[in-house]
Every structure is written in structure tokens, then in C-alpha cells.
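This report concerns only the one structure given below.
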Amino acid sequence: MAKILDGRLMAEELLLDQTRRVQELRQKGIVPGLAVVLVGEDPASQIYVRNKGLACERIGIHSETIRMEERSSQDEVLAVIDRLNADPAINGILVQLPLPRHLDERAVLARIMPEKDVDGFHISNAGKLFSGQQGVVPCTPKGIIYMLKKGGVELAGKEAVVIGRSNIVGKPAAILLLNENCTVTICHSKTKDLTEHCRRADVLVAAIGKPRFVTADMVKPGAAVVDVGINRVDGKVVGDVDYEPVKEIAGWITPVPGGVGKLTISMLMENTLEAACSQAR
Ligand code: NAD
């Protein structure tokens with residue numbers, strides 16, 4: 001039976017530490033600030049944005065949510081980013097994705113100053129991650145590594161398989177695992193013999209977006225299974241891993257909800273704190 005990598009618990013522990021760090025910064029006259037830009041009315045995005053605001057409130061980070069109409073133009077969104085780039089009270093800027101289809105997501109992300117890009121999606125931060133330089137690391141992959149290490153999972157020399165190759169989860173997660181000296185395979189929708197790849201994995205990361213896609217026969221006994229997926233099925237949130245049967249085989253497993261998602265927000269707070277410190281310097 002797998003050890004549960006409890007995201008809720010880990011996030012609570014981090015929250016205490018982050019609250020203390022924010023207090024220390026405030027005593028020095030530094031108030032970390034995060035701005036979240038939400039364009040449109042996507043219901044899931046509304047929930048994510050609210051949770052980010054609540055997390056800021058809990059640890060004492062100043063937060064602003066800029067809500068823009070669905071039909072906002074590219075120029076209007078860029079003007080908001082420009083204003084936030086220039087605002088000294090704001091250390092981190094996050095544009096909630098997905099953006100409405102008529103907007104150019106790449107151009108919007110590129111407009112954020114790399115130092116304020118707390119999501120780590122700016123091309124300059126992606127390039128730094130790829131080339132082993134210090135930059136802002138995307139929150140979800142950063143949280144995945146945090147959970148594995150905190151749970152005592154050995155990474156060096158292990159076989160890691162990441163299912164999914166998105167720029168926000170799959171690819172950066174694979175690079176971070178490589179940095180931890182794993183031997184990494186990235187699988188995707190065109191991969192042949194997916195099950196064979198997965199069964200070799202000591203560390204299996206599922207970032208697909210398909211409910212209960214990873215079944216018990218795809219998991220090596222004793223493997224660490226990280227479930228990134230957030231899928232809504234009959235009003236319930238489920239992951240990409242068939243949790244109950246896989247839990248019986250795996251060595252470690254992250255639940256959904258209460259797993260990677262919790263750490264994603266913790267790492268956003270972490271990136272905002274780091275941005276505030278480096279901008280103060
Ligand atoms: P995406 O749609 O951009 O990428 C999905 C990936 O899965 C693609 O690279 C695709 O090649 C792969 N894939 C699709 N079908 C496959 C198949 N049959 N076999 C193998 N690979 C297949 O999604 P994303 O943005 O990377 O997100 C993935 C999931 O993680 C979603 O459920 C999303 O909601 C969730 N997510 C969670 C968090 C969090 O904080 N927990 C953060 C971001 C995303």
C-alpha cells in the first residue's frame with residue numbers, strides 16, 4: 001500500500017514558513033505583491049484565481065486581481081501588463097490561462113517582465129530552465145519535485161517517465177527530473193507502447209488531462225506516482241490516475257484533490273516571495 005504524498009499537509013507546513021518570511025520582509029519595509037490578471041468568465045479559472053488570492057491573504061502577501069471582460073482586446077491586456085510591470089508594489093504578475101481564443105497568449109506572456117513572471121512561462125525563464133541557469137521555475141513542476149523530495153523518494157539514477165509534453169507541466173517537469181539525475185522518458189499522445197514505458201518507471205508523472213487514464217497494470221510495484229490531472233467527472237474532481245487500485249501497487253502516490261494542486265499554489269507563493277526578495281536587492 002502506497003505512502004500518500006499529502007499535498008494539503010505539505011502546503012500547510014510551507015504556509016507557516018512563508019508567513020514567517022513575509023513578516024520578516026514586512027519588518028524591513030518590503031511588502032511582497034502579486035497581481036493576477038483574469039480575462040473572461042471561465043468558471044474553473046475563477047476558482048483558481050480566488051484560491052490564489054486567498055493564499056496571498058493567509059500569508060500576508062498583497063494581492064490584486066485584475067478582472068477584464070471576455071472581449072478585451074490584445075492592446076488592452078498588454079496595457080494592463082505594462083502598468084503592472086511598472087508598478088513597484090507588484091513583484092509578481094500572473095495571467096490566468098487559458099486566455100480567450102482571440103488573444104495571442106504567447107505575446108501576452110512575453111510582455112511580462114521576466115523577473116515578475118512568477119508562473120515561469122516567459123520564454124526567458126523557459127530558456128534558463130532548459131540551459132541550467134537560475135530563473136523562475138513553473139509552479140506545478142516545482143511542486144512535483146518538492147513533493148517527491150519531501151516524501152523521501154530517491155531520484156538520482158532512477159527511471160522517470162512523464163506522460164504529457166505541455167510547456168506548463170510535462171516538459172518542465174521532465175527537465176527538473178533530469179536535473180535531479182533521473183533518466184527521463186517523455187511520453188505523449190503519439191507514444192507507442194505507452195504501458196511498456198510506464199511499467200519501467202520508478203517515478204511516474206501523469207499530466208494528461210484524462211480521468212483515471214493510468215491504470216494499475218501500467219505501474220511498476222513500488223513506484224512513486226504523481227498525479228497532476230484535474231478532471232471533473234459527475235461533479236467530482238478526479239486525477240489522471242486510477243487512484244484506488246494504483247494505491248495498492250505504488251510505493252508513493254499523490255491524491256487528487258489534495259495533492260499536486262495544493263503545492264502549485266504554495267510554489268506560486270514561493271516564487272512571489274523570491275521575486276520580492278530579488279527585486280528588493
Ligand atoms: P495539455 O492538454 O496541454 O497536455 C496534455 C498532454 O497529454 C499532451 O502533451 C498530450 O500529448 C498528452 N496526452 C494526451 N492524450 C494522451 C494519450 N492518450 N497518451 C499519452 N499522452 C497523452 O495539458 P496540461 O496543461 O499539461 O495539463 C495536464 C493535466 O494537468 C490537466 O488535467 C490539467 O488540468 C492538469 N493541471 C493541473 C495542475 C495542478 O496544479 N495540479 C496544473 C496544471 C495542469
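Identifiers in the C-alpha cells: chain A, B, ... in order shown; residue index from 1 per chain; ligand index from 1 in order shown.
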With a cut-off of 6 Å, could you pull out the residues of chain A touching ligand 1 and give me the nearest pair of atoms for each, distance in Å to one decimal, using only C-alpha atoms and all ligand atoms, ordered by chain and ascending number, as CSV?
```
residue,atom,partner,partner_atom_place_in_ligand_line,distance
A:Thr140,CA,ligand 1,40 (O),5.3
A:Ile163,CA,ligand 1,21 (N),5.4
A:Gly164,CA,ligand 1,6 (C),3.6
A:Arg165,CA,ligand 1,9 (O),3.7
A:Ser166,CA,ligand 1,26 (O),4.4
A:Ile168,CA,ligand 1,26 (O),6.0
A:Val169,CA,ligand 1,26 (O),4.8
A:Gly170,CA,ligand 1,26 (O),5.7
A:Cys187,CA,ligand 1,20 (C),5.9
A:His188,CA,ligand 1,21 (N),3.4
A:Ser189,CA,ligand 1,22 (C),3.6
A:Ala207,CA,ligand 1,28 (C),4.1
A:Ile208,CA,ligand 1,7 (O),3.5
A:Gly209,CA,ligand 1,32 (O),3.1
A:Val228,CA,ligand 1,41 (N),4.6
A:Gly229,CA,ligand 1,32 (O),3.5
A:Ile230,CA,ligand 1,32 (O),4.1
A:Asn231,CA,ligand 1,32 (O),5.5
A:Val260,CA,ligand 1,41 (N),4.7
A:Gly261,CA,ligand 1,41 (N),3.6
A:Thr264,CA,ligand 1,40 (O),4.9
```
Worksheet item: range 40-268 of chain A: which residues are alpha helix (DSSP H) by DSSP, as a ChimeraX atom specification?
Response: /A:43-59,74-86,105-111,123-130,139-150,170-179,194-199,243-249,260-268
Fill in: Shell of 12 Å around Ala160 in chain A, only C-alpha atoms, local chain residues under 4 positions omitted, as an MDAnalysis selection string
chainID A and resid 145 148 153:156 170 173:187 197:206 219:220 223:226
Discussion item. Neighbouring residues of range 41-43 of chain A were defined as those with any atom within 8 Å, considering only C-alpha atoms; residues of the same chain fewer than 4 positions away were excluded. Please report them as JSON, numbers by chain.
Written reply: {"A": [47, 69, 70]}
Practice prompt. From range 40-187 of chain A, collect each residue whose DSSP state is strand (DSSP E or B) and return the set as a PyMOL selection string.
Written response: chain A and resi 62-68+92-95+117+159-163+183-187
Discussion item. So that I can check the surroundings of Gly53 in chain A, please list as a list in words every protein, DNA and RNA residue that reaches within 7 Å of it, counting only C-alpha atoms and ignoring chain neighbours fewer than 4 positions away.
Written reply: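 These residues fall inside the cut-off: Val49, Glu57 and Ser63 of chain A.
Residue nearest Met1 in chain A within the list A:Lys116, A:Arg111, A:Arg232, A:Lys247: A:Lys247 [criterion: smallest interatomic distance, only C-alpha atoms].
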Contact residues around Cys277 in chain A with only C-alpha atoms at 12 Å, ignoring same-chain residues under 4 positions, as a short mmCIF file (atom, residue, chain, number, x, y, z; two decimals) with C-alpha atoms, in the first residue's frame:
```
data_model
loop_
_atom_site.label_atom_id
_atom_site.label_comp_id
_atom_site.auth_asym_id
_atom_site.auth_seq_id
_atom_site.Cartn_x
_atom_site.Cartn_y
_atom_site.Cartn_z
CA ARG A 21 9.20 35.08 5.97
CA VAL A 22 6.59 37.62 4.87
CA GLU A 24 10.33 39.41 8.33
CA LEU A 25 10.17 41.16 4.96
CA ARG A 26 7.42 43.50 6.16
CA LYS A 28 12.19 45.57 6.63
CA GLY A 29 9.55 47.62 4.81
CA ILE A 30 9.14 45.13 1.96
CA VAL A 31 5.57 44.04 1.18
CA PRO A 32 5.53 41.28 -1.45
CA GLY A 33 2.81 41.86 -4.05
CA ASN A 91 6.61 41.78 -7.60
CA GLY A 92 4.77 39.00 -9.40
CA GLU A 115 11.68 38.98 -13.08
CA LYS A 116 7.95 39.38 -12.36
CA GLU A 270 7.36 30.82 -3.04
CA ASN A 271 8.08 32.36 -6.46
CA THR A 272 6.40 35.61 -5.39
CA LEU A 273 8.47 35.75 -2.20
CA ARG A 281 18.08 43.74 -3.83
#
```
Worksheet, complete the sentence: Computed gap from CA of Ser131 in chain A to CA of Leu78 in chain A is 28.2 Å
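Across A:Ile253, A:Met113, A:Met68, A:Ile265, the tightest approach to Pro100 in chain A is made by A:Met68 when counting only C-alpha atoms.
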Worksheet item: Which is closer to Gln23 in chain A than all the others in A:Arg58, A:Lys150, A:Arg101, A:Arg67, using only C-alpha atoms?
Response: A:Arg58
Worksheet item: Using only C-alpha atoms, which residues sit within 9 Å of Gly7 in chain A once same-chain residues fewer than 3 positions away are excluded, as a list in words?
Response: Ile4, Met10, Ala11, Glu12, Met147, Thr254, Pro255, Pro257, Gly258, Gly259, Val260, Gly261, Lys262 and Leu263 of chain A
If you keep all heavy atoms, can you produce a file of those selected residues as a CSV table (one decimal), in the first residue's frame?
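Everything below was put into result12.csv:
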```csv
chain,number,residue,atom,x,y,z
A,4,ILE,N,1.0,8.0,1.1
A,4,ILE,CA,0.3,9.1,0.5
A,4,ILE,C,1.2,10.4,0.6
A,4,ILE,O,1.6,10.7,1.7
A,4,ILE,CB,-1.0,9.4,1.2
A,4,ILE,CG1,-1.9,8.1,1.4
A,4,ILE,CG2,-1.8,10.5,0.4
A,4,ILE,CD1,-2.3,7.4,0.1
A,10,MET,N,1.7,19.2,3.4
A,10,MET,CA,2.9,19.9,3.0
A,10,MET,C,2.7,21.4,2.7
A,10,MET,O,3.5,22.2,3.1
A,10,MET,CB,3.5,19.2,1.7
A,10,MET,CG,4.0,17.8,1.8
A,10,MET,SD,4.7,17.2,0.3
A,10,MET,CE,4.7,15.5,0.6
A,11,ALA,N,1.5,21.7,2.2
A,11,ALA,CA,1.2,23.1,1.9
A,11,ALA,C,1.0,23.9,3.2
A,11,ALA,O,1.5,25.0,3.3
A,11,ALA,CB,0.0,23.2,1.0
A,12,GLU,N,0.4,23.2,4.2
A,12,GLU,CA,0.2,23.9,5.5
A,12,GLU,C,1.5,24.2,6.2
A,12,GLU,O,1.7,25.2,6.7
A,12,GLU,CB,-0.7,23.0,6.4
A,12,GLU,CG,-2.1,23.0,6.1
A,12,GLU,CD,-2.8,24.3,6.1
A,12,GLU,OE1,-2.5,25.1,7.1
A,12,GLU,OE2,-3.6,24.7,5.2
A,147,MET,N,7.4,17.7,-3.6
A,147,MET,CA,6.6,16.6,-3.0
A,147,MET,C,7.4,15.3,-3.0
A,147,MET,O,7.4,14.6,-2.0
A,147,MET,CB,5.3,16.3,-3.8
A,147,MET,CG,4.3,17.4,-3.7
A,147,MET,SD,2.8,16.9,-4.5
A,147,MET,CE,1.8,16.3,-3.1
A,254,THR,N,0.3,10.6,-5.1
A,254,THR,CA,-0.3,11.9,-4.7
A,254,THR,C,-1.8,11.8,-5.0
A,254,THR,O,-2.2,11.3,-6.0
A,254,THR,CB,0.3,13.0,-5.5
A,254,THR,OG1,-0.1,12.9,-6.9
A,254,THR,CG2,1.8,13.1,-5.5
A,255,PRO,N,-2.6,12.2,-4.0
A,255,PRO,CA,-4.1,12.2,-4.2
A,255,PRO,C,-4.6,13.3,-5.0
A,255,PRO,O,-3.9,14.3,-5.2
A,255,PRO,CB,-4.6,12.2,-2.8
A,255,PRO,CG,-3.6,13.0,-2.0
A,255,PRO,CD,-2.3,12.7,-2.7
A,257,PRO,N,-8.4,15.4,-5.1
A,257,PRO,CA,-7.7,16.6,-4.8
A,257,PRO,C,-6.8,16.4,-3.6
A,257,PRO,O,-6.7,15.3,-3.0
A,257,PRO,CB,-8.8,17.6,-4.4
A,257,PRO,CG,-10.0,16.7,-4.0
A,257,PRO,CD,-9.8,15.4,-4.7
A,258,GLY,N,-6.1,17.5,-3.2
A,258,GLY,CA,-5.2,17.4,-2.0
A,258,GLY,C,-3.8,17.0,-2.3
A,258,GLY,O,-3.1,16.5,-1.4
A,259,GLY,N,-3.4,17.0,-3.6
A,259,GLY,CA,-2.0,16.6,-4.0
A,259,GLY,C,-1.3,17.8,-4.6
A,259,GLY,O,-1.0,18.8,-4.0
A,260,VAL,N,-0.9,17.5,-5.9
A,260,VAL,CA,-0.1,18.5,-6.6
A,260,VAL,C,-0.7,19.9,-6.7
A,260,VAL,O,0.0,20.9,-6.6
A,260,VAL,CB,0.1,18.0,-8.1
A,260,VAL,CG1,0.9,19.0,-8.9
A,260,VAL,CG2,0.9,16.6,-8.1
A,261,GLY,N,-2.0,20.0,-6.8
A,261,GLY,CA,-2.7,21.3,-6.9
A,261,GLY,C,-2.4,22.2,-5.7
A,261,GLY,O,-2.1,23.4,-5.8
A,262,LYS,N,-2.3,21.6,-4.5
A,262,LYS,CA,-2.0,22.4,-3.3
A,262,LYS,C,-0.6,22.9,-3.3
A,262,LYS,O,-0.4,24.1,-3.0
A,262,LYS,CB,-2.1,21.5,-2.0
A,262,LYS,CG,-3.5,21.1,-1.7
A,262,LYS,CD,-4.2,22.2,-1.0
A,262,LYS,CE,-5.7,21.9,-0.9
A,262,LYS,NZ,-6.5,23.1,-0.7
A,263,LEU,N,0.3,22.1,-3.8
A,263,LEU,CA,1.7,22.6,-3.9
A,263,LEU,C,1.9,23.6,-5.0
A,263,LEU,O,2.8,24.4,-4.9
A,263,LEU,CB,2.6,21.3,-4.1
A,263,LEU,CG,3.2,20.7,-2.9
A,263,LEU,CD1,4.2,21.7,-2.2
A,263,LEU,CD2,2.2,20.3,-1.9
```
Worksheet item: CA of Val237 in chain A to CA of Asp119 in chain A: how many Å, to one decimal?
Response: 23.4 Å
